[in-house]
file model.txt (compact mmCIF, C-alpha atoms)
# COMPACT_ATOMS: atom_id res chain seq x y z
CA MET A 16 -144.48 -16.82 -217.70
CA GLY A 17 -145.53 -20.26 -216.54
CA ARG A 18 -141.94 -21.50 -216.49
CA GLU A 19 -140.71 -18.49 -214.51
CA ARG A 20 -143.34 -19.07 -211.84
CA LEU A 21 -142.40 -22.72 -211.62
CA THR A 22 -138.71 -21.86 -211.24
CA ARG A 23 -139.38 -19.32 -208.52
CA GLY A 24 -141.53 -21.83 -206.66
CA LEU A 25 -138.76 -24.41 -206.73
CA LEU A 26 -136.20 -21.90 -205.54
CA LEU A 27 -138.45 -20.80 -202.69
CA ARG A 28 -139.00 -24.41 -201.64
CA LEU A 29 -135.26 -25.14 -201.90
CA GLY A 30 -134.47 -22.06 -199.81
CA ALA A 31 -137.03 -23.06 -197.17
CA LEU A 32 -135.58 -26.55 -197.11
CA LEU A 33 -132.04 -25.25 -196.66
CA THR A 34 -133.25 -22.88 -193.96
CA ALA A 35 -134.91 -25.77 -192.11
CA VAL A 36 -131.75 -27.86 -192.40
CA CYS A 37 -129.64 -25.00 -191.04
CA VAL A 38 -132.07 -24.50 -188.16
CA CYS A 39 -131.95 -28.19 -187.32
CA ILE A 40 -128.16 -28.22 -187.41
CA HIS A 41 -128.04 -25.15 -185.17
CA VAL A 42 -130.52 -26.67 -182.70
CA TYR A 43 -128.58 -29.91 -182.64
CA LEU A 44 -125.31 -28.14 -181.94
CA GLU A 45 -126.82 -26.04 -179.18
CA THR A 46 -128.55 -28.94 -177.42
CA GLY A 47 -126.24 -31.94 -178.12
CA TRP A 48 -122.68 -30.49 -177.76
CA ARG A 49 -123.05 -27.86 -175.01
CA GLY A 50 -122.68 -30.36 -172.11
CA ALA A 51 -119.80 -32.34 -173.65
CA PRO A 52 -116.31 -31.82 -172.17
CA ALA A 53 -113.83 -29.85 -174.16
CA PRO A 54 -111.02 -31.78 -175.85
CA LEU A 55 -107.92 -32.46 -173.61
CA ALA A 56 -104.50 -31.22 -174.54
CA LEU A 57 -101.64 -33.66 -173.90
CA GLY A 58 -100.32 -33.35 -170.38
CA HIS A 59 -102.40 -30.32 -169.33
CA PRO A 60 -106.09 -30.74 -168.32
CA THR A 61 -108.43 -27.94 -169.28
CA LEU A 62 -110.96 -26.77 -166.70
CA PRO A 63 -114.14 -24.83 -167.38
CA SER A 64 -113.87 -21.12 -167.14
CA GLN A 65 -116.06 -20.97 -164.06
CA ASN A 66 -113.52 -23.16 -162.15
CA LEU A 67 -110.52 -21.01 -163.05
CA GLY A 68 -110.42 -19.22 -159.68
CA GLN A 69 -110.60 -22.50 -157.82
CA GLN A 70 -107.75 -23.85 -159.99
CA ILE A 71 -105.55 -20.87 -159.14
CA ARG A 72 -106.25 -21.27 -155.41
CA THR A 73 -105.52 -24.99 -155.61
CA LYS A 74 -102.18 -24.35 -157.29
CA GLN A 75 -101.23 -21.79 -154.62
CA VAL A 76 -102.09 -24.21 -151.80
CA SER A 77 -100.18 -26.99 -153.55
CA ALA A 78 -97.09 -24.78 -153.93
CA GLU A 79 -97.21 -23.77 -150.27
CA ALA A 80 -97.58 -27.43 -149.25
CA GLN A 81 -94.57 -28.37 -151.36
CA LYS A 82 -92.48 -25.61 -149.76
CA GLN A 83 -93.54 -26.71 -146.28
CA ASP A 84 -92.79 -30.33 -147.14
CA LYS A 85 -89.29 -29.40 -148.36
CA SER A 86 -88.68 -27.38 -145.20
CA ILE A 87 -89.73 -30.32 -143.06
CA LYS A 88 -87.47 -32.61 -145.06
CA ARG A 89 -84.55 -30.25 -144.55
CA ARG A 90 -85.16 -30.18 -140.81
CA ILE A 91 -85.59 -33.92 -140.60
CA SER A 92 -82.43 -34.54 -142.61
CA TYR A 93 -80.39 -33.13 -139.68
CA VAL A 94 -81.98 -35.44 -137.10
CA ARG A 95 -79.88 -38.61 -136.62
CA THR A 96 -81.92 -41.66 -135.86
CA PRO A 97 -80.42 -44.23 -133.46
CA LYS A 98 -78.80 -47.21 -135.09
CA LYS A 99 -80.27 -50.59 -134.60
CA ASP A 100 -78.31 -53.23 -132.77
CA LYS A 101 -75.91 -54.99 -135.04
CA LYS A 102 -74.27 -58.32 -134.75
CA LYS A 103 -70.55 -58.42 -134.07
CA ASP A 104 -69.78 -59.47 -137.62
CA GLU A 105 -71.82 -56.53 -139.00
CA GLU A 106 -70.37 -53.77 -136.85
CA ASP A 107 -69.29 -50.55 -138.46
CA PRO A 108 -65.51 -50.82 -139.01
CA SER A 109 -65.13 -47.08 -138.43
CA GLU A 110 -66.31 -47.42 -134.83
CA PRO A 111 -63.78 -48.45 -132.14
CA CYS A 112 -64.24 -52.02 -130.95
CA CYS A 113 -61.79 -52.21 -128.09
CA PRO A 114 -60.94 -50.16 -124.98
CA PRO A 115 -57.64 -48.24 -124.90
CA ALA A 116 -54.58 -50.45 -124.53
CA HIS A 117 -53.36 -48.41 -121.59
CA PRO A 118 -56.17 -47.23 -119.44
CA HIS A 119 -55.71 -44.27 -117.12
CA ARG A 120 -54.17 -45.01 -113.78
CA LYS A 121 -56.53 -45.22 -110.84
CA ALA A 122 -57.19 -42.03 -108.93
CA PRO A 123 -55.00 -41.78 -105.82
CA ARG A 124 -56.55 -42.47 -102.43
CA TRP A 125 -55.78 -40.80 -99.12
CA HIS A 126 -55.63 -43.79 -96.80
CA ILE A 127 -55.72 -47.55 -96.86
CA ASP A 128 -58.57 -49.62 -95.47
CA LEU A 129 -57.53 -51.24 -92.21
CA GLU A 130 -58.33 -54.90 -91.77
CA PRO A 131 -60.50 -56.02 -88.82
CA TRP A 132 -58.66 -56.80 -85.62
CA ALA A 133 -57.31 -60.31 -85.29
CA SER A 134 -59.27 -60.72 -82.05
CA GLU A 135 -61.63 -58.80 -79.82
CA SER A 136 -58.89 -58.33 -77.24
CA HIS A 137 -56.72 -56.35 -79.73
CA SER A 138 -53.67 -58.07 -78.25
CA LEU A 139 -50.17 -57.86 -79.71
CA GLU A 140 -49.79 -61.66 -79.63
CA ASP A 141 -52.90 -62.21 -81.77
CA GLU A 142 -51.90 -59.53 -84.26
CA ALA A 143 -48.33 -60.82 -84.46
CA LYS A 144 -49.46 -64.44 -84.92
CA ARG A 145 -51.74 -63.53 -87.81
CA PHE A 146 -49.10 -61.30 -89.43
CA LEU A 147 -46.21 -63.76 -89.11
CA HIS A 148 -48.29 -66.63 -90.48
CA TYR A 149 -49.23 -64.45 -93.46
CA ILE A 150 -45.68 -63.44 -94.42
CA THR A 151 -44.23 -66.95 -94.01
CA THR A 152 -46.85 -68.77 -96.14
CA PRO A 153 -46.28 -68.57 -99.93
CA GLN A 154 -49.47 -68.13 -101.90
CA VAL A 155 -48.20 -69.41 -105.27
CA SER A 156 -45.37 -71.72 -106.21
CA CYS A 157 -42.41 -70.93 -108.46
CA ALA A 158 -40.36 -73.72 -109.98
CA SER A 159 -37.70 -71.46 -111.55
CA LEU A 160 -36.17 -69.20 -108.92
CA VAL A 161 -33.19 -66.99 -109.64
CA GLY A 162 -31.65 -65.25 -106.65
CA GLU A 163 -28.65 -64.16 -104.63
CA GLY A 164 -27.32 -64.37 -101.10
CA SER A 165 -26.20 -67.03 -98.70
CA GLY A 166 -29.53 -68.76 -98.15
CA ALA A 167 -30.45 -72.10 -99.69
CA LYS A 168 -32.71 -70.38 -102.23
CA GLY A 169 -31.17 -66.91 -101.93
CA ASP A 170 -32.12 -63.86 -99.94
CA TRP A 171 -33.52 -62.11 -103.00
CA ALA A 172 -35.37 -64.17 -105.59
CA ALA A 173 -37.21 -63.50 -108.84
CA CYS A 174 -39.49 -65.99 -110.60
CA LEU A 175 -38.78 -67.12 -114.15
CA ASP A 176 -41.74 -69.47 -114.56
CA PRO A 177 -43.15 -69.22 -118.11
CA LYS A 178 -46.67 -68.62 -116.76
CA TYR A 179 -45.52 -65.16 -115.67
CA SER A 180 -44.32 -62.39 -117.98
CA LEU A 181 -40.70 -61.95 -116.88
CA THR A 182 -39.27 -64.79 -119.03
CA HIS A 183 -41.07 -63.53 -122.12
CA ARG A 184 -39.90 -59.98 -121.47
CA ILE A 185 -36.29 -61.15 -121.16
CA HIS A 186 -36.47 -63.07 -124.44
CA THR A 187 -37.94 -60.07 -126.28
CA LYS A 188 -35.37 -57.66 -124.77
CA HIS A 189 -38.05 -55.54 -123.09
CA CYS A 190 -37.18 -56.37 -119.48
CA ARG A 191 -36.55 -53.49 -117.05
CA VAL A 192 -35.30 -53.74 -113.44
CA TYR A 193 -35.26 -51.13 -110.66
CA SER A 194 -33.09 -51.80 -107.62
CA PHE A 195 -33.15 -49.48 -104.59
CA GLY A 196 -30.68 -49.72 -101.72
CA LEU A 197 -28.09 -47.87 -99.69
CA GLY A 198 -24.46 -48.91 -100.08
CA VAL A 199 -25.34 -52.29 -101.58
CA ASP A 200 -22.27 -54.44 -102.23
CA ASP A 201 -23.85 -57.63 -103.55
CA ARG A 202 -25.83 -57.14 -106.73
CA SER A 203 -25.79 -60.71 -107.97
CA LEU A 204 -29.45 -60.68 -109.02
CA GLU A 205 -29.05 -57.39 -110.88
CA HIS A 206 -25.95 -58.68 -112.72
CA TYR A 207 -27.75 -61.89 -113.69
CA LEU A 208 -30.75 -60.02 -115.09
CA ALA A 209 -28.49 -57.52 -116.88
CA LYS A 210 -26.57 -60.31 -118.61
CA ALA A 211 -29.87 -61.96 -119.52
CA GLY A 212 -30.80 -58.81 -121.45
CA CYS A 213 -32.67 -56.65 -118.92
CA GLU A 214 -32.26 -52.90 -118.68
CA VAL A 215 -31.12 -52.54 -115.05
CA HIS A 216 -31.22 -49.30 -113.04
CA CYS A 217 -29.63 -49.26 -109.57
CA PHE A 218 -30.48 -46.36 -107.28
CA ASP A 219 -28.15 -45.42 -104.41
CA PRO A 220 -28.11 -41.90 -102.89
CA SER A 221 -24.55 -42.43 -101.61
CA LEU A 222 -23.01 -42.45 -105.11
CA LYS A 223 -20.60 -39.65 -106.00
CA GLN A 224 -21.88 -39.14 -109.56
CA PRO A 225 -25.48 -38.41 -110.58
CA HIS A 226 -25.47 -41.09 -113.30
CA LEU A 227 -22.97 -43.76 -114.20
CA GLN A 228 -23.03 -46.76 -116.51
CA GLN A 229 -21.10 -49.70 -115.08
CA ASP A 230 -21.07 -53.45 -115.77
CA GLU A 231 -24.07 -53.35 -118.14
CA MET A 232 -26.08 -51.44 -115.53
CA TRP A 233 -27.05 -47.85 -114.89
CA LEU A 234 -26.24 -46.36 -111.46
CA HIS A 235 -28.15 -43.29 -110.24
CA ARG A 236 -27.55 -41.07 -107.21
CA LEU A 237 -31.17 -41.26 -106.17
CA SER A 238 -33.49 -43.25 -103.94
CA VAL A 239 -37.21 -43.80 -103.56
CA ASP A 240 -39.31 -42.13 -100.86
CA TRP A 241 -43.00 -41.93 -99.94
CA ARG A 242 -43.11 -38.22 -100.79
CA ASP A 243 -41.35 -35.77 -103.08
CA PRO A 244 -38.93 -33.29 -101.47
CA ASN A 245 -40.06 -29.83 -100.44
CA PRO A 246 -39.60 -27.37 -103.35
CA ALA A 247 -37.91 -24.88 -100.99
CA PHE A 248 -35.40 -27.54 -100.01
CA VAL A 249 -34.78 -28.40 -103.65
CA ALA A 250 -34.05 -24.76 -104.46
CA GLN A 251 -31.29 -24.69 -101.82
CA ARG A 252 -29.63 -27.89 -103.05
CA GLN A 253 -27.94 -28.60 -106.37
CA TYR A 254 -29.63 -32.00 -106.58
CA VAL A 255 -32.15 -34.12 -104.70
CA THR A 256 -31.49 -37.67 -103.53
CA THR A 257 -35.04 -38.94 -102.93
CA LYS A 258 -38.25 -38.92 -104.97
CA LYS A 259 -41.48 -40.88 -105.14
CA LEU A 260 -41.43 -43.84 -107.49
CA ALA A 261 -44.14 -42.26 -109.64
CA THR A 262 -41.93 -39.17 -110.08
CA ILE A 263 -38.88 -41.28 -110.95
CA LEU A 264 -40.83 -43.24 -113.55
CA ASN A 265 -42.07 -40.00 -115.08
CA ASP A 266 -38.60 -38.41 -115.07
CA PHE A 267 -37.06 -41.45 -116.74
CA GLY A 268 -39.93 -41.86 -119.20
CA HIS A 269 -40.64 -45.44 -118.09
CA ARG A 270 -44.15 -46.89 -118.04
CA GLN A 271 -43.48 -50.23 -116.39
CA VAL A 272 -40.91 -52.12 -114.33
CA ASP A 273 -40.63 -55.89 -114.60
CA VAL A 274 -38.77 -56.33 -111.30
CA LEU A 275 -38.73 -53.82 -108.44
CA LYS A 276 -36.23 -54.66 -105.68
CA ALA A 277 -36.05 -52.46 -102.57
CA ASP A 278 -34.15 -52.57 -99.29
CA MET A 279 -35.23 -49.31 -97.67
CA GLU A 280 -34.01 -49.78 -94.09
CA SER A 281 -37.38 -49.41 -92.30
CA ALA A 282 -38.82 -46.85 -94.76
CA GLU A 283 -40.52 -49.66 -96.72
CA TRP A 284 -43.87 -49.40 -94.91
CA LYS A 285 -44.55 -45.77 -95.83
CA ILE A 286 -43.16 -46.30 -99.33
CA LEU A 287 -45.39 -49.34 -99.84
CA GLU A 288 -48.37 -47.33 -98.61
CA ASN A 289 -47.62 -44.59 -101.15
CA LEU A 290 -47.29 -47.11 -103.99
CA LEU A 291 -50.64 -48.67 -103.06
CA LEU A 292 -52.50 -45.39 -102.64
CA GLU A 293 -51.24 -43.95 -105.94
CA GLY A 294 -51.74 -47.19 -107.88
CA VAL A 295 -48.08 -47.27 -109.00
CA LEU A 296 -47.79 -51.01 -108.41
CA ASP A 297 -50.10 -51.59 -111.38
CA SER A 298 -46.96 -50.95 -113.46
CA VAL A 299 -44.80 -53.49 -111.57
CA GLY A 300 -44.46 -57.17 -112.50
CA GLN A 301 -42.57 -58.55 -109.47
CA LEU A 302 -41.92 -56.89 -106.12
CA LEU A 303 -38.95 -57.92 -103.99
CA LEU A 304 -38.97 -56.22 -100.60
CA GLU A 305 -37.14 -56.55 -97.31
CA LEU A 306 -39.35 -55.98 -94.25
CA HIS A 307 -37.84 -54.75 -90.96
CA LEU A 308 -39.87 -55.73 -87.89
CA HIS A 309 -37.67 -54.70 -84.95
CA TRP A 310 -39.51 -51.35 -84.76
CA ALA A 311 -42.56 -49.67 -86.30
CA GLY A 312 -40.70 -47.91 -89.09
CA PHE A 313 -40.37 -44.31 -90.16
CA GLU A 314 -43.48 -42.20 -89.45
CA VAL A 315 -45.57 -45.22 -88.43
CA GLY A 316 -47.40 -44.37 -85.20
CA GLY A 317 -49.70 -46.06 -82.71
CA ASP A 318 -49.37 -48.74 -80.07
CA ASP A 319 -47.82 -52.10 -80.94
CA PRO A 320 -51.06 -53.94 -81.83
CA SER A 321 -52.13 -51.04 -84.08
CA VAL A 322 -48.73 -51.05 -85.83
CA VAL A 323 -48.95 -54.77 -86.64
CA ARG A 324 -52.54 -54.35 -87.82
CA TYR A 325 -51.34 -51.55 -90.11
CA TRP A 326 -48.56 -53.78 -91.49
CA PHE A 327 -51.02 -56.60 -92.15
CA SER A 328 -53.50 -54.24 -93.83
CA LEU A 329 -50.81 -53.03 -96.25
CA LEU A 330 -50.01 -56.60 -97.29
CA LYS A 331 -53.69 -57.42 -97.74
CA GLU A 332 -54.00 -54.36 -100.00
CA LEU A 333 -51.10 -55.79 -101.97
CA GLU A 334 -52.97 -59.07 -102.31
CA ARG A 335 -56.10 -57.25 -103.52
CA GLY A 336 -53.86 -55.70 -106.16
CA ASN A 337 -53.26 -59.22 -107.60
CA PHE A 338 -49.84 -59.69 -105.97
CA ARG A 339 -49.11 -63.17 -104.64
CA LEU A 340 -46.24 -64.19 -102.35
CA PHE A 341 -43.97 -66.84 -103.91
CA HIS A 342 -40.74 -66.65 -101.86
CA VAL A 343 -39.85 -65.94 -98.22
CA HIS A 344 -36.42 -65.78 -96.62
CA SER A 345 -35.29 -64.83 -93.11
CA ASP A 346 -31.64 -64.36 -92.22
CA PRO A 347 -30.75 -66.51 -89.18
CA ALA A 348 -27.93 -64.10 -88.38
CA LYS A 349 -30.38 -61.27 -87.74
CA PRO A 350 -31.59 -60.75 -84.15
CA HIS A 351 -34.96 -62.20 -83.18
CA LEU A 352 -36.76 -58.99 -82.36
CA PHE A 353 -40.35 -58.11 -83.10
CA LEU A 354 -41.17 -54.54 -82.05
CA HIS A 355 -38.28 -54.74 -79.54
CA LYS A 356 -39.67 -57.98 -78.11
CA ASN A 357 -39.08 -61.67 -78.60
CA ILE A 358 -42.43 -62.88 -79.90
CA PHE A 359 -42.79 -66.35 -81.43
CA ASN A 360 -39.03 -66.32 -82.04
CA ALA A 361 -39.65 -64.08 -85.07
CA SER A 362 -36.73 -62.63 -86.98
CA SER A 363 -36.25 -58.90 -87.21
CA ALA A 364 -36.02 -58.97 -91.03
CA TYR A 365 -37.70 -60.95 -93.82
CA THR A 366 -37.09 -60.80 -97.55
CA LEU A 367 -40.30 -61.40 -99.49
CA SER A 368 -41.02 -61.75 -103.21
CA TRP A 369 -44.41 -61.18 -104.84
CA VAL A 370 -45.55 -61.61 -108.43
CA ASN A 371 -48.35 -59.61 -110.04
CA THR A 372 -50.48 -62.42 -111.47
CA GLN A 373 -52.53 -60.04 -113.65
CA TRP A 374 -49.62 -58.00 -114.97
CA ARG A 375 -49.70 -57.69 -118.77
CA PRO A 376 -47.26 -54.98 -119.97
call {"tool": "encode", "arguments": {"input": "model.txt", "output": "structure tokens"}}
result
Amino acid sequence: MGRERLTRGLLLRLGALLTAVCVCIHVYLETGWRGAPAPLALGHPTLPSQNLGQQIRTKQVSAEAQKQDKSIKRRISYVRTPKKDKKKDEEDPSEPCCPPAHPHRKAPRWHIDLEPWASESHSLEDEAKRFLHYITTPQVSCASLVGEGSGAKGDWAACLDPKYSLTHRIHTKHCRVYSFGLGVDDRSLEHYLAKAGCEVHCFDPSLKQPHLQQDEMWLHRLSVDWRDPNPAFVAQRQYVTTKKLATILNDFGHRQVDVLKADMESAEWKILENLLLEGVLDSVGQLLLELHLHWAGFEVGGDDPSVVRYWFSLLKELERGNFRLFHVHSDPAKPHLFLHKNIFNASSAYTLSWVNTQWRP
């Protein structure tokens, strides 16, 4: 009996001790581990349950922000920002660096600009003196003249100085010559240039055939005028004999003429005006022209001082177009008439030669 009581007492004490230990462990767990953060899973943070709603809202806002950001990026991707200035050696090779080789021809004008009067008196003598001095004073020299005629240096003369383009064009077989005249017998200059290798076209409305190749030259039944013929007149005729130079160039498919020679029997003033107004002379290297001074010329009106002022203004326009006079010839056999008068013993006809100093075909 005594042993049984002792055993029960020990068991009760052991049970109480275990109970106390369990209580202490429970209290420790409740008080020491409740505030500690939960363990983190790799790559995914775990939030307390009470913050779950806030987490969901945060994710929704973040997703909307990402969508908006992508939309903005898509819109911005189509906006091209201006390029910064680059140095010449860093330029984009895909971008053009040079202007077109053949710029468009200048827009045609309707009238030339008249030069100021030679004097306040508007006298014929003052206008004639200024004009005659201008056409008899070469502006540039030419050491290599090639010409024709009975004069010491020839009535008609072209310049073969190397500083101008004609010599180079002859050597490269790209030379082209236009010669206008009526019933011309002496074509020494044209023959010389044809034998040198130029493509020579002679225009004469008195020819019997529309086109003919003869002596290394082309002959055409056609002449130059300051206007194209009336379409009604063309419809009544089988062929036309006159056209503007711009029309002839277009019909023949030619872009430039190295030498343009013209003896137009008093039509030269209106033809020259047309060439200046339409900018056709930009395509001409050398201009050889005979001027007739015994009267005003076809369709040139006004009193005598106004006519001479008009003549002078045309030649000044030619100078502004980079043409410089290099040869002058007057035939002593021609009468000395200037607008039906004898003024300063001037001849009635002068043959002049100009070179386009800026011509680069």
call {"tool": "atom_distance", "arguments": {"input": "model.txt", "atom1": "CA of Gly317 (chain A)", "atom2": "CA of Leu260 (chain A)"}}
result
26.2 Å
call {"tool": "residues_around", "arguments": {"input": "model.txt", "residues": "Arg124 (chain A)", "least_positions_apart": "5", "cutoff": "12 Å", "atoms": "all atoms listed in the file", "output": "list in words"}}
result
Glu288, Asn289, Leu290, Leu291, Leu292, Glu293, Gly294 and Val295 of chain A
call {"tool": "write_last_selection", "arguments": {"input": "model.txt", "atoms": "C-alpha atoms", "output": "CSV table (one decimal), keeping the file's coordinate frame"}}
result
chain,number,residue,atom,x,y,z
A,288,GLU,CA,-48.4,-47.3,-98.6
A,289,ASN,CA,-47.6,-44.6,-101.2
A,290,LEU,CA,-47.3,-47.1,-104.0
A,291,LEU,CA,-50.6,-48.7,-103.1
A,292,LEU,CA,-52.5,-45.4,-102.6
A,293,GLU,CA,-51.2,-44.0,-105.9
A,294,GLY,CA,-51.7,-47.2,-107.9
A,295,VAL,CA,-48.1,-47.3,-109.0
call {"tool": "atom_distance", "arguments": {"input": "model.txt", "atom1": "CA of Leu275 (chain A)", "atom2": "CA of Tyr193 (chain A)"}}
result
4.9 Å
call {"tool": "residues_around", "arguments": {"input": "model.txt", "residues": "Val299 (chain A)", "least_positions_apart": "5", "cutoff": "10 Å", "atoms": "all atoms listed in the file", "output": "number ranges by chain"}}
result
A: 191-193, 270-275, 338, 370-371, 374-376
call {"tool": "atom_distance", "arguments": {"input": "model.txt", "atom1": "CA of Val255 (chain A)", "atom2": "CA of Phe267 (chain A)"}}
result
14.9 Å
call {"tool": "closest_residue", "arguments": {"input": "model.txt", "among": "A:Ile127, A:Leu27, A:Val215, A:Ile150", "to": "Leu287 (chain A)", "atoms": "all atoms listed in the file"}}
result
A:Ile127
call {"tool": "residues_near_point", "arguments": {"input": "model.txt", "point": "(-46.1, -68.6, -96.2)", "cutoff": "10 Å", "atoms": "all atoms listed in the file", "output": "list in words"}}
result
Leu147, His148, Tyr149, Ile150, Thr151, Thr152, Pro153, Gln154, Val155, Leu340, Phe341, His342, Val343 and Leu367 of chain A
call {"tool": "axis_aligned_box", "arguments": {"input": "model.txt", "around": "region 218-237 of chain A", "padding_each_side": "5 Å", "output": "JSON"}}
result
{"center_x": -25.9, "center_y": -45.9, "center_z": -109.9, "size_x": 20.6, "size_y": 25.0, "size_z": 26.5}
call {"tool": "closest_residue", "arguments": {"input": "model.txt", "among": "A:Tyr325, A:Tyr365, A:Tyr254, A:Phe195", "to": "His126 (chain A)", "atoms": "only C-alpha atoms"}}
result
A:Tyr325
call {"tool": "closest_residue", "arguments": {"input": "model.txt", "among": "A:Gly24, A:Ile40, A:Trp171, A:Lys258", "to": "Ser203 (chain A)", "atoms": "all atoms listed in the file"}}
result
A:Trp171
call {"tool": "residues_near_point", "arguments": {"input": "model.txt", "point": "(-36.9, -66.1, -111.2)", "cutoff": "9 Å", "atoms": "all atoms listed in the file", "output": "ChimeraX atom specification"}}
result
/A:157-162,172-176,181-182
call {"tool": "write_last_selection", "arguments": {"input": "model.txt", "atoms": "C-alpha atoms", "output": "short mmCIF file (atom, residue, chain, number, x, y, z; two decimals), keeping the file's coordinate frame"}}
result
data_model
loop_
_atom_site.label_atom_id
_atom_site.label_comp_id
_atom_site.auth_asym_id
_atom_site.auth_seq_id
_atom_site.Cartn_x
_atom_site.Cartn_y
_atom_site.Cartn_z
CA CYS A 157 -42.41 -70.93 -108.46
CA ALA A 158 -40.36 -73.72 -109.98
CA SER A 159 -37.70 -71.46 -111.55
CA LEU A 160 -36.17 -69.20 -108.92
CA VAL A 161 -33.19 -66.99 -109.64
CA GLY A 162 -31.65 -65.25 -106.65
CA ALA A 172 -35.37 -64.17 -105.59
CA ALA A 173 -37.21 -63.50 -108.84
CA CYS A 174 -39.49 -65.99 -110.60
CA LEU A 175 -38.78 -67.12 -114.15
CA ASP A 176 -41.74 -69.47 -114.56
CA LEU A 181 -40.70 -61.95 -116.88
CA THR A 182 -39.27 -64.79 -119.03
#
call {"tool": "residues_around", "arguments": {"input": "model.txt", "residues": "Ser362 (chain A)", "least_positions_apart": "6", "cutoff": "9 Å", "atoms": "only C-alpha atoms", "output": "list in words"}}
result
His307, Leu308, His309, Ser345, Asp346, Pro347, Lys349, Pro350, His351, Leu352 and Phe353 of chain A
call {"tool": "residues_around", "arguments": {"input": "model.txt", "residues": "Ser281 (chain A)", "least_positions_apart": "5", "cutoff": "8 Å", "atoms": "only C-alpha atoms", "output": "ChimeraX atom specification"}}
result
/A:306-307,311-313
call {"tool": "closest_residue", "arguments": {"input": "model.txt", "among": "A:Met232, A:Ala348, A:Ser298, A:Leu222", "to": "Leu208 (chain A)", "atoms": "only C-alpha atoms"}}
result
A:Met232
